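So this one's data-v4.tsv, TSV, C-alpha atoms:
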chain	number	residue	atom	x	y	z
A	28	MET	CA	0.00	0.00	0.00
A	29	ASP	CA	1.19	3.50	-0.84
A	30	LEU	CA	1.24	5.24	2.53
A	31	HIS	CA	0.77	8.61	0.86
A	32	SER	CA	-2.67	7.58	-0.36
A	33	SER	CA	-3.87	6.93	3.20
A	34	TYR	CA	-1.63	9.24	5.22
A	35	PRO	CA	-0.65	12.20	3.03
A	36	ALA	CA	-0.15	14.59	5.97
A	37	LEU	CA	0.92	14.65	9.58
A	38	SER	CA	-2.69	15.32	10.57
A	39	ASP	CA	-3.60	11.85	9.27
A	40	LEU	CA	-0.89	10.27	11.42
A	41	ARG	CA	-2.04	12.27	14.44
A	42	ALA	CA	-5.63	11.11	13.99
A	43	LYS	CA	-4.60	7.46	13.73
A	44	THR	CA	-2.38	7.78	16.81
A	45	GLN	CA	-5.32	9.03	18.88
A	46	ARG	CA	-7.23	5.90	17.89
A	47	ARG	CA	-4.30	3.59	18.64
A	48	ILE	CA	-2.95	4.56	22.06
A	49	PRO	CA	-4.69	4.80	25.46
A	50	LYS	CA	-6.22	8.13	26.38
A	51	PHE	CA	-3.78	8.80	29.23
A	52	VAL	CA	-0.86	8.26	26.84
A	53	TRP	CA	-2.48	10.52	24.25
A	54	GLU	CA	-2.94	13.25	26.86
A	55	TYR	CA	0.73	13.05	27.79
A	56	LEU	CA	1.87	13.31	24.18
A	57	ASP	CA	-0.59	15.85	22.84
A	58	SER	CA	-1.15	18.20	25.79
A	59	ALA	CA	0.45	21.46	26.80
A	60	THR	CA	0.08	23.44	30.02
A	61	GLY	CA	-2.53	25.91	31.25
A	62	ASP	CA	-5.26	26.70	28.74
A	63	GLU	CA	-2.85	25.69	25.94
A	64	ARG	CA	-2.79	29.19	24.47
A	65	THR	CA	0.95	28.97	23.82
A	66	LYS	CA	0.45	25.74	21.90
A	67	ALA	CA	-2.25	27.46	19.81
A	68	ARG	CA	-0.04	30.53	19.36
A	69	ASN	CA	2.76	28.37	17.92
A	70	ARG	CA	0.42	27.27	15.13
A	71	ALA	CA	-1.20	30.68	14.61
A	72	LYS	CA	2.10	32.55	14.27
A	73	LEU	CA	3.37	30.07	11.69
A	74	ASP	CA	0.18	30.55	9.68
A	75	GLU	CA	0.73	34.33	9.62
A	76	ILE	CA	3.93	33.98	7.60
A	77	LEU	CA	3.10	34.30	3.90
A	78	PHE	CA	5.04	34.05	0.64
A	79	ASN	CA	4.55	35.48	-2.81
A	80	PRO	CA	4.63	32.63	-5.35
A	81	SER	CA	6.95	33.28	-8.29
A	82	ILE	CA	6.37	32.32	-11.93
A	83	LEU	CA	8.14	31.53	-15.22
A	84	HIS	CA	11.15	29.78	-13.72
A	85	GLY	CA	10.98	26.70	-15.92
A	86	ASP	CA	11.58	23.24	-14.49
A	87	ILE	CA	12.96	23.32	-10.96
A	88	THR	CA	14.57	20.51	-8.98
A	89	PRO	CA	14.86	21.98	-5.47
A	90	ASP	CA	17.94	21.18	-3.38
A	91	THR	CA	16.78	20.36	0.15
A	92	THR	CA	20.21	19.55	1.59
A	93	THR	CA	21.75	21.66	4.31
A	94	THR	CA	24.65	21.80	6.76
A	95	LEU	CA	24.48	22.06	10.55
A	96	LEU	CA	27.43	21.96	12.95
A	97	GLY	CA	29.71	20.70	10.21
A	98	GLN	CA	27.42	17.84	9.13
A	99	ARG	CA	25.59	17.60	5.80
A	100	TYR	CA	21.94	16.52	5.94
A	101	PRO	CA	19.40	15.69	3.21
A	102	LEU	CA	16.71	17.75	4.98
A	103	PRO	CA	16.79	20.60	7.51
A	104	VAL	CA	14.85	18.56	10.06
A	105	GLY	CA	15.67	16.48	13.11
A	106	MET	CA	13.87	14.44	15.76
A	107	ALA	CA	13.43	16.40	18.99
A	108	PRO	CA	13.54	14.80	22.46
A	109	ILE	CA	10.39	13.88	24.33
A	110	GLY	CA	10.60	12.42	27.81
A	111	MET	CA	9.27	8.90	28.32
A	112	SER	CA	9.13	8.17	24.58
A	113	GLY	CA	8.68	4.51	25.38
A	114	LEU	CA	5.34	5.30	27.00
A	115	MET	CA	3.99	6.51	23.66
A	116	TRP	CA	5.08	3.32	21.94
A	117	PRO	CA	7.27	0.53	23.36
A	118	ASP	CA	10.95	0.84	22.42
A	119	ALA	CA	10.18	4.17	20.73
A	120	GLU	CA	13.71	5.42	21.30
A	121	PHE	CA	15.19	2.46	19.41
A	122	SER	CA	12.79	2.90	16.49
A	123	LEU	CA	13.32	6.64	16.18
A	124	ALA	CA	17.10	6.37	16.46
A	125	ARG	CA	17.24	3.69	13.75
A	126	ALA	CA	15.01	5.72	11.44
A	127	ALA	CA	17.15	8.81	11.95
A	128	ALA	CA	20.37	6.90	11.32
A	129	THR	CA	18.96	5.38	8.12
A	130	ALA	CA	17.78	8.78	6.85
A	131	ASN	CA	20.92	10.60	8.06
A	132	VAL	CA	19.05	13.16	10.16
A	133	PRO	CA	19.78	14.09	13.79
A	134	TYR	CA	18.03	12.25	16.60
A	135	CYS	CA	18.01	13.75	20.10
A	136	ILE	CA	17.22	11.59	23.13
A	137	SER	CA	16.00	12.95	26.46
A	138	THR	CA	17.65	12.48	29.83
A	139	VAL	CA	14.26	11.15	30.96
A	140	ALA	CA	13.97	8.60	28.17
A	141	THR	CA	13.05	5.00	28.87
A	142	LYS	CA	16.40	3.75	27.56
A	143	THR	CA	19.93	4.34	28.82
A	144	PRO	CA	22.73	5.64	26.60
A	145	GLU	CA	24.32	2.20	26.68
A	146	GLU	CA	21.13	0.56	25.43
A	147	MET	CA	20.90	3.14	22.65
A	148	ALA	CA	24.45	2.65	21.40
A	149	PRO	CA	23.69	-0.15	18.84
A	150	HIS	CA	20.81	1.86	17.33
A	151	ILE	CA	22.18	5.38	16.89
A	152	GLY	CA	24.01	6.77	13.88
A	153	GLU	CA	26.75	9.38	13.69
A	154	ASN	CA	24.32	12.22	14.40
A	155	ALA	CA	22.89	11.27	17.78
A	156	TRP	CA	22.35	14.11	20.24
A	157	PHE	CA	21.91	13.89	24.02
A	158	GLN	CA	19.51	16.33	25.70
A	159	LEU	CA	20.55	17.13	29.26
A	160	TYR	CA	18.20	18.06	32.06
A	161	PRO	CA	20.93	19.54	34.25
A	162	PRO	CA	21.78	17.44	37.32
A	163	ARG	CA	22.54	19.37	40.48
A	164	ASP	CA	25.23	16.97	41.71
A	165	GLU	CA	28.57	17.41	39.95
A	166	GLY	CA	29.47	13.73	40.25
A	167	ILE	CA	26.22	12.66	38.59
A	168	ARG	CA	26.73	15.36	35.98
A	169	LYS	CA	30.18	14.09	35.07
A	170	ASP	CA	28.99	10.51	34.95
A	171	LEU	CA	26.07	11.37	32.63
A	172	LEU	CA	28.36	13.20	30.23
A	173	SER	CA	30.83	10.34	30.25
A	174	ARG	CA	28.14	7.75	29.56
A	175	ALA	CA	26.59	9.78	26.74
A	176	LYS	CA	29.97	10.32	25.07
A	177	ALA	CA	31.00	6.67	25.45
A	178	ALA	CA	27.71	5.51	23.91
A	179	GLY	CA	28.33	7.60	20.79
A	180	PHE	CA	26.27	10.75	21.35
A	181	SER	CA	28.13	13.53	19.58
A	182	THR	CA	26.22	16.71	20.47
A	183	LEU	CA	25.05	17.85	23.90
A	184	VAL	CA	21.82	19.86	24.25
A	185	LEU	CA	21.38	21.74	27.52
A	186	THR	CA	17.69	22.40	28.19
A	187	VAL	CA	17.28	25.64	30.15
A	188	ASP	CA	13.52	26.31	30.02
A	189	VAL	CA	12.42	23.94	32.81
A	190	PRO	CA	13.41	25.77	35.99
A	191	ILE	CA	10.38	24.24	37.72
A	192	ALA	CA	7.88	21.54	36.83
A	193	SER	CA	4.85	22.73	34.86
A	194	ARG	CA	1.30	21.80	35.82
A	195	ARG	CA	0.06	20.24	32.54
A	196	GLU	CA	-3.52	20.07	33.66
A	197	ARG	CA	-4.72	17.81	30.84
A	198	GLN	CA	-2.11	15.26	31.83
A	199	VAL	CA	-3.15	15.47	35.47
A	200	ARG	CA	-6.82	15.01	34.61
A	201	SER	CA	-5.94	11.89	32.62
A	202	GLY	CA	-4.76	10.14	35.78
A	203	LEU	CA	-1.20	9.64	34.52
A	204	THR	CA	1.61	9.67	37.07
A	205	THR	CA	5.34	9.51	36.46
A	206	PRO	CA	6.38	6.74	36.46
A	207	PRO	CA	3.02	5.32	35.30
A	208	ARG	CA	0.88	3.34	37.72
A	209	LEU	CA	-1.90	1.32	36.12
A	210	THR	CA	-5.00	2.09	38.13
A	211	PRO	CA	-8.34	0.45	37.25
A	212	ARG	CA	-9.23	3.60	35.32
A	213	LEU	CA	-6.08	3.43	33.22
A	214	LEU	CA	-6.35	-0.33	32.76
A	215	ALA	CA	-9.78	0.18	31.21
A	216	GLN	CA	-8.22	2.55	28.69
A	217	VAL	CA	-5.43	0.06	27.96
A	218	ALA	CA	-7.97	-2.69	27.27
A	219	MET	CA	-9.42	-0.56	24.48
A	220	ARG	CA	-6.05	-0.32	22.69
A	221	PRO	CA	-4.93	-3.92	22.13
A	222	ALA	CA	-1.96	-3.19	19.84
A	223	TRP	CA	-0.41	-0.83	22.38
A	224	ALA	CA	-1.29	-3.20	25.24
A	225	LEU	CA	0.32	-6.23	23.61
A	226	ALA	CA	3.45	-4.35	22.62
A	227	THR	CA	3.79	-2.89	26.12
A	228	ALA	CA	3.25	-6.30	27.70
A	229	ARG	CA	6.17	-7.65	25.69
A	230	ALA	CA	8.46	-4.70	26.45
A	231	GLY	CA	7.37	-4.09	30.04
A	232	MET	CA	6.06	-0.87	31.57
A	233	PRO	CA	8.33	2.03	30.71
A	234	ARG	CA	10.47	3.73	33.32
A	235	MET	CA	13.19	6.36	33.33
A	236	LYS	CA	16.10	3.94	33.44
A	237	LEU	CA	18.89	6.52	33.31
A	238	ILE	CA	17.37	8.55	36.13
A	239	ASP	CA	16.67	5.40	38.13
A	240	ASP	CA	20.39	4.62	38.05
A	241	TYR	CA	20.94	7.63	40.34
A	242	ALA	CA	17.73	7.51	42.40
A	243	GLU	CA	19.46	6.11	45.47
A	244	GLU	CA	21.83	9.09	45.51
A	245	VAL	CA	19.06	11.53	46.40
A	246	SER	CA	16.73	11.61	49.38
A	247	GLY	CA	13.23	12.84	50.05
A	248	LEU	CA	11.54	11.06	47.17
A	249	SER	CA	7.77	10.92	47.70
A	250	SER	CA	5.39	8.38	46.28
A	251	THR	CA	4.12	10.90	43.72
A	252	ALA	CA	7.49	12.27	42.56
A	253	HIS	CA	10.23	10.79	40.45
A	254	ALA	CA	13.96	11.06	40.93
A	255	GLY	CA	14.38	13.37	37.94
A	256	TYR	CA	12.98	16.37	39.80
A	257	LEU	CA	15.27	15.84	42.77
A	258	LEU	CA	18.33	15.29	40.62
A	259	ARG	CA	17.62	18.32	38.43
A	260	THR	CA	18.59	21.93	39.04
A	261	SER	CA	17.89	25.24	37.34
A	262	PRO	CA	21.21	26.12	35.70
A	263	ASP	CA	22.84	29.53	35.78
A	264	TRP	CA	25.63	31.07	33.72
A	265	ASP	CA	28.33	29.43	35.84
A	266	TYR	CA	26.67	26.07	35.24
A	267	PHE	CA	26.78	26.69	31.50
A	268	THR	CA	30.48	27.59	31.67
A	269	TRP	CA	31.21	24.40	33.63
A	270	LEU	CA	29.38	22.36	31.00
A	271	ARG	CA	31.21	24.03	28.15
A	272	ASP	CA	34.51	23.17	29.83
A	273	HIS	CA	33.58	19.53	30.46
A	274	TRP	CA	31.93	18.51	27.19
A	275	ASP	CA	34.19	17.59	24.28
A	276	GLY	CA	31.91	18.28	21.33
A	277	PRO	CA	29.24	20.66	20.04
A	278	LEU	CA	27.11	22.24	22.77
A	279	VAL	CA	23.60	23.55	22.03
A	280	VAL	CA	21.41	25.52	24.43
A	281	LYS	CA	17.70	24.73	24.10
A	282	GLY	CA	14.93	27.02	25.31
A	283	VAL	CA	16.16	30.41	24.08
A	284	LEU	CA	13.47	33.04	23.42
A	285	ARG	CA	15.20	36.36	24.15
A	286	ALA	CA	17.68	38.27	22.03
A	287	ASP	CA	19.70	39.43	25.05
A	288	ASP	CA	20.18	35.82	26.18
A	289	ALA	CA	21.16	34.84	22.64
A	290	LYS	CA	23.71	37.63	22.47
A	291	ARG	CA	25.33	36.64	25.76
A	292	LEU	CA	25.39	32.95	24.85
A	293	THR	CA	27.07	33.80	21.56
A	294	ALA	CA	29.88	35.48	23.46
A	295	THR	CA	30.35	32.58	25.90
A	296	GLY	CA	31.15	29.76	23.53
A	297	VAL	CA	27.97	27.90	22.65
A	298	ASP	CA	27.90	26.23	19.22
A	299	ALA	CA	24.21	26.68	18.34
A	300	LEU	CA	21.03	28.10	19.84
A	301	TRP	CA	17.75	26.20	19.97
A	302	LEU	CA	14.70	28.47	20.02
A	303	SER	CA	11.86	26.73	21.83
A	304	ASN	CA	8.93	27.30	24.18
A	305	HIS	CA	8.85	23.56	24.94
A	306	ALA	CA	5.88	23.23	22.57
A	307	GLY	CA	3.73	25.07	25.09
A	308	ARG	CA	4.28	22.42	27.75
A	309	GLN	CA	6.03	24.64	30.33
A	310	PHE	CA	4.60	28.18	30.28
A	311	ASP	CA	1.31	29.38	28.83
A	312	ALA	CA	2.24	33.00	28.14
A	313	ALA	CA	5.33	32.56	25.99
A	314	PRO	CA	5.83	33.90	22.48
A	315	ALA	CA	6.11	31.44	19.64
A	316	PRO	CA	9.74	30.76	18.69
A	317	ILE	CA	8.94	31.69	15.09
A	318	GLU	CA	7.94	35.24	16.11
A	319	VAL	CA	11.15	35.94	18.09
A	320	LEU	CA	13.37	34.32	15.48
A	321	PRO	CA	14.11	37.52	13.47
A	322	ALA	CA	15.19	39.46	16.56
A	323	ILE	CA	17.51	36.66	17.65
A	324	ARG	CA	18.95	36.24	14.18
A	325	ALA	CA	19.78	39.96	14.25
A	326	VAL	CA	22.14	39.55	17.23
A	327	THR	CA	23.97	36.31	16.39
A	328	ASP	CA	25.62	34.49	13.51
A	329	LEU	CA	25.37	31.14	15.30
A	330	PRO	CA	23.31	28.32	13.80
A	331	LEU	CA	19.70	28.65	14.95
A	332	ILE	CA	17.50	25.63	15.54
A	333	VAL	CA	13.78	26.10	16.11
A	334	ASP	CA	10.90	23.89	17.27
A	335	SER	CA	7.35	24.14	18.68
A	336	GLY	CA	4.31	23.77	16.47
A	337	PHE	CA	5.95	22.67	13.23
A	338	GLU	CA	3.92	20.26	11.12
A	339	THR	CA	4.76	20.65	7.41
A	340	GLY	CA	7.47	21.31	4.90
A	341	LEU	CA	5.92	24.74	4.40
A	342	ASP	CA	6.39	25.43	8.12
A	343	ILE	CA	10.05	24.52	7.78
A	344	LEU	CA	10.41	26.97	4.87
A	345	ARG	CA	8.84	29.67	7.03
A	346	ALA	CA	11.53	29.16	9.66
A	347	LEU	CA	14.37	29.08	7.14
A	348	ALA	CA	13.08	32.24	5.47
A	349	LEU	CA	13.25	34.10	8.81
A	350	GLY	CA	16.79	33.03	9.58
A	351	ALA	CA	16.68	29.56	11.10
A	352	ASN	CA	19.12	26.87	9.98
A	353	PHE	CA	17.24	23.80	11.13
A	354	VAL	CA	13.89	22.63	12.52
A	355	PHE	CA	13.33	19.84	15.05
A	356	MET	CA	9.99	18.09	15.54
A	357	GLY	CA	9.05	16.02	18.58
A	358	ARG	CA	5.35	15.26	18.65
A	359	GLY	CA	5.25	14.74	14.88
A	360	PHE	CA	7.68	11.84	14.83
A	361	HIS	CA	5.93	10.24	17.79
A	362	TYR	CA	2.59	10.53	16.01
A	363	ALA	CA	4.19	8.84	13.02
A	364	LEU	CA	5.66	6.02	15.08
A	365	CYS	CA	2.48	5.36	17.06
A	366	ALA	CA	0.38	5.39	13.90
A	367	LEU	CA	2.50	3.21	11.63
A	368	GLY	CA	5.15	1.55	13.76
A	369	GLU	CA	8.65	1.28	12.33
A	370	LYS	CA	7.48	2.64	8.95
A	371	GLY	CA	6.10	5.84	10.47
A	372	PRO	CA	9.17	8.06	10.99
A	373	ALA	CA	10.49	7.37	7.48
A	374	HIS	CA	7.06	8.13	6.05
A	375	LEU	CA	6.90	11.47	7.87
A	376	LEU	CA	10.35	12.38	6.55
A	377	ASP	CA	9.09	11.57	3.05
A	378	ILE	CA	6.01	13.76	3.62
A	379	LEU	CA	8.21	16.65	4.73
A	380	SER	CA	10.62	16.17	1.82
A	381	LYS	CA	7.84	16.16	-0.77
A	382	ASP	CA	6.18	19.17	0.84
A	383	LEU	CA	9.45	21.12	0.87
A	384	GLU	CA	9.98	20.39	-2.82
A	385	ALA	CA	6.39	21.27	-3.78
A	386	ASN	CA	6.44	24.60	-1.98
A	387	MET	CA	9.93	25.54	-3.15
A	388	GLY	CA	8.69	24.93	-6.68
A	389	GLN	CA	5.83	27.37	-6.10
A	390	LEU	CA	8.32	29.98	-4.94
A	391	GLY	CA	10.77	29.39	-7.78
A	392	ALA	CA	13.37	28.50	-5.14
A	393	ARG	CA	16.14	26.14	-6.21
A	394	THR	CA	17.88	26.37	-2.82
A	395	PHE	CA	16.89	27.49	0.65
A	396	GLY	CA	18.85	30.67	0.03
A	397	ASP	CA	16.22	31.69	-2.52
A	398	VAL	CA	13.33	31.43	-0.06
A	399	PRO	CA	13.65	34.69	1.97
A	400	ALA	CA	13.13	36.81	-1.15
A	401	ALA	CA	9.59	35.40	-1.48
A	402	LEU	CA	8.45	36.49	2.00
A	403	VAL	CA	5.49	38.83	2.20
A	404	THR	CA	6.70	41.72	4.36
Encoding of this model in structure tokens:
Amino acid sequence: MDLHSSYPALSDLRAKTQRRIPKFVWEYLDSATGDERTKARNRAKLDEILFNPSILHGDITPDTTTTLLGQRYPLPVGMAPIGMSGLMWPDAEFSLARAAATANVPYCISTVATKTPEEMAPHIGENAWFQLYPPRDEGIRKDLLSRAKAAGFSTLVLTVDVPIASRRERQVRSGLTTPPRLTPRLLAQVAMRPAWALATARAGMPRMKLIDDYAEEVSGLSSTAHAGYLLRTSPDWDYFTWLRDHWDGPLVVKGVLRADDAKRLTATGVDALWLSNHAGRQFDAAPAPIEVLPAIRAVTDLPLIVDSGFETGLDILRALALGANFVFMGRGFHYALCALGEKGPAHLLDILSKDLEANMGQLGARTFGDVPAALVT
């Protein structure tokens, strides 16, 4: 079956995912925080960016390749980290890493994944990134960096936009706890999703294995908390400097939304900036990364990565036109995996590739460098 005939867009994969996974899992994956106005703003601000189509260019074969941090990629898109990926679909981290390695796009795993760096090592390619929720304890910090490097993760991503846990009311209402506890209510939801239930039964209930390795080194853990929150700290500039000095490889800071922060980071040795509002999952009064992108581009020549709300190849062109170098998508690749299994991530990459080419053709753009000229200003 041609997957494009049944699933021509990410929205089709999202709809199938909702029918295929339990409601409490869906709420974890799809929800934001508060009234979800930031999540809606991410989409609305992308839709405001318009282009003027261009004509009489003859046949065009768009070039969708790009370079980031010294690596050449076939598309300007990567797979963003989501905590507890293995809750969405069993062994999700393995599947996503293999798909990324096959397609030669970056894959970024979360500190709070359900797999350890050592377990990931056989599945990752050359462009595997490790997202760090910053540990407070220096010994744990050093050990995490050492394990990630030894497993083959080449780029470190410091997440700075989670100084405190968000409320995520939809997730709370669903009855989901972290780690998950299968109450009668949740078991009833599981029974309605046999494919997810059988796959999870084979793999076992997901847990944050990397965090669990250090759980005994912290105290005060309640029955409703997980070790990640006790291990984690809110980093400051000294923390960033320490990390820069102790990581041998590219260092990216994720969660940047202000030009003054971007300017200071540029002067302190970071290799790329990742503009993100955590897809609306942390703070419900944040601007969309796409709307602050021009101001940040104006103060730095560093590579700029952007996420939050991206769904299509056209969205990716919008970011590139405003000065971004690369787009990462988190929910999208999880929708694809949950909907279609191992075939899903590759299919989404094909959707994005075809959409990039179709829209570049409409703009008369042979390369991404031609796209900014078509912006409606």
Near region 173-179 of chain A, 10 Å: region 269-295 of chain A residue rows, closest pairs, all atoms listed in the file, as a tab-separated table:
residue	atom	partner	partner_atom	distance
A:His273	CA	A:Ser173	CA	9.6
A:Trp274	CA	A:Lys176	CA	8.7
A:Asp275	CA	A:Lys176	CA	8.4
A:Gly276	CA	A:Lys176	CA	9.0
Point out the residue among A:Ala286, A:Leu329, A:Asn386, A:Pro372 with the least atom-to-atom distance to Ala128 (chain A), counting all atoms listed in the file. A:Pro372
Counting only C-alpha atoms, what is within 10 Å of Ser81 (chain A), bar same-chain residues fewer than 4 positions away, as a PyMOL selection string? chain A and resi 387-392+401
Please provide the set of residues having any atom within 7 Å of Pro330 (chain A), restricted to all atoms listed in the file, with same-chain residues fewer than 3 positions apart removed, written as a list in words. Ala299, Leu300 and Asn352 of chain A
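Here CA of Met147 (chain A) stands at a distance of 16.3 Å from CA of Leu114 (chain A).
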Fewer than 3 positions away in the same chain doesn't count, so skip those; otherwise give me all residues within 12 Å of Arg46 (chain A), counting all atoms listed in the file, as an MDAnalysis selection string. chainID A and resid 39:43 49:50 52:53 216:217 219:223 362 365:367
Output file for the selection above: C-alpha atoms, as a compact mmCIF listing (two decimals), in the frame of the given file:
# COMPACT_ATOMS: atom_id res chain seq x y z
CA ASP A 39 -3.60 11.85 9.27
CA LEU A 40 -0.89 10.27 11.42
CA ARG A 41 -2.04 12.27 14.44
CA ALA A 42 -5.63 11.11 13.99
CA LYS A 43 -4.60 7.46 13.73
CA PRO A 49 -4.69 4.80 25.46
CA LYS A 50 -6.22 8.13 26.38
CA VAL A 52 -0.86 8.26 26.84
CA TRP A 53 -2.48 10.52 24.25
CA GLN A 216 -8.22 2.55 28.69
CA VAL A 217 -5.43 0.06 27.96
CA MET A 219 -9.42 -0.56 24.48
CA ARG A 220 -6.05 -0.32 22.69
CA PRO A 221 -4.93 -3.92 22.13
CA ALA A 222 -1.96 -3.19 19.84
CA TRP A 223 -0.41 -0.83 22.38
CA TYR A 362 2.59 10.53 16.01
CA CYS A 365 2.48 5.36 17.06
CA ALA A 366 0.38 5.39 13.90
CA LEU A 367 2.50 3.21 11.63
Smallest atom-to-atom distance to Glu165 (chain A): which of A:Leu270, A:Ala294, A:Val319, A:Leu376, using all atoms listed in the file? A:Leu270
Do a neighbour search on Lys72 (chain A) at 12 Å with only C-alpha atoms, toss out local chain neighbours closer than 3 positions, and write the hits as a count of residues only. 22
Can you tell me, as a tab-separated table (two decimals) with C-alpha atoms, keeping the file's coordinate frame, which residues sit within 12 Å of (21.7, 9.9, 21.5) in the file's frame, using all atoms listed in the file?
chain	number	residue	atom	x	y	z
A	106	MET	CA	13.87	14.44	15.76
A	107	ALA	CA	13.43	16.40	18.99
A	108	PRO	CA	13.54	14.80	22.46
A	120	GLU	CA	13.71	5.42	21.30
A	121	PHE	CA	15.19	2.46	19.41
A	123	LEU	CA	13.32	6.64	16.18
A	124	ALA	CA	17.10	6.37	16.46
A	125	ARG	CA	17.24	3.69	13.75
A	127	ALA	CA	17.15	8.81	11.95
A	128	ALA	CA	20.37	6.90	11.32
A	133	PRO	CA	19.78	14.09	13.79
A	134	TYR	CA	18.03	12.25	16.60
A	135	CYS	CA	18.01	13.75	20.10
A	136	ILE	CA	17.22	11.59	23.13
A	137	SER	CA	16.00	12.95	26.46
A	138	THR	CA	17.65	12.48	29.83
A	140	ALA	CA	13.97	8.60	28.17
A	142	LYS	CA	16.40	3.75	27.56
A	143	THR	CA	19.93	4.34	28.82
A	144	PRO	CA	22.73	5.64	26.60
A	145	GLU	CA	24.32	2.20	26.68
A	146	GLU	CA	21.13	0.56	25.43
A	147	MET	CA	20.90	3.14	22.65
A	148	ALA	CA	24.45	2.65	21.40
A	149	PRO	CA	23.69	-0.15	18.84
A	150	HIS	CA	20.81	1.86	17.33
A	151	ILE	CA	22.18	5.38	16.89
A	152	GLY	CA	24.01	6.77	13.88
A	153	GLU	CA	26.75	9.38	13.69
A	154	ASN	CA	24.32	12.22	14.40
A	155	ALA	CA	22.89	11.27	17.78
A	156	TRP	CA	22.35	14.11	20.24
A	157	PHE	CA	21.91	13.89	24.02
A	158	GLN	CA	19.51	16.33	25.70
A	159	LEU	CA	20.55	17.13	29.26
A	172	LEU	CA	28.36	13.20	30.23
A	174	ARG	CA	28.14	7.75	29.56
A	175	ALA	CA	26.59	9.78	26.74
A	176	LYS	CA	29.97	10.32	25.07
A	177	ALA	CA	31.00	6.67	25.45
A	178	ALA	CA	27.71	5.51	23.91
A	179	GLY	CA	28.33	7.60	20.79
A	180	PHE	CA	26.27	10.75	21.35
A	181	SER	CA	28.13	13.53	19.58
A	182	THR	CA	26.22	16.71	20.47
A	183	LEU	CA	25.05	17.85	23.90
A	184	VAL	CA	21.82	19.86	24.25
Quick one: residues within 12 Å of Thr60 (chain A), only C-alpha atoms counted, chain neighbours fewer than 5 positions away excluded, as number ranges by chain? A: 54-55, 65-67, 192-200, 304-313
Once 3 Å is added on each side, what are the centre and the three edge lengths, in Å to one decimal, of the axis-aligned box enclosing the listed atoms of region 116-129 of chain A? Present them as lines of an AutoDock Vina configuration file.
center_x = 12.7
center_y = 4.7
center_z = 15.7
size_x = 21.3
size_y = 14.3
size_z = 21.2
Can you measure CA of Pro233 (chain A) to CA of Leu203 (chain A) for me? One decimal in Å is fine. 12.8 Å
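We find CA of Gly340 (chain A) and CA of Asp382 (chain A) to be spaced 4.8 Å apart.
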How close does region 141-232 of chain A get to region 259-269 of chain A? List, as CSV, each residue of region 141-232 of chain A within 8 Å, its nearest atom pair and the distance in Å to one decimal, counting only C-alpha atoms.
residue,atom,partner,partner_atom,distance
A:Tyr160,CA,A:Arg259,CA,6.4
A:Pro161,CA,A:Arg259,CA,5.5
A:Pro162,CA,A:Arg259,CA,4.4
A:Arg163,CA,A:Thr260,CA,4.9
A:Val187,CA,A:Pro262,CA,6.8
A:Val189,CA,A:Ser261,CA,7.2
A:Pro190,CA,A:Ser261,CA,4.7
A:Ile191,CA,A:Ser261,CA,7.6
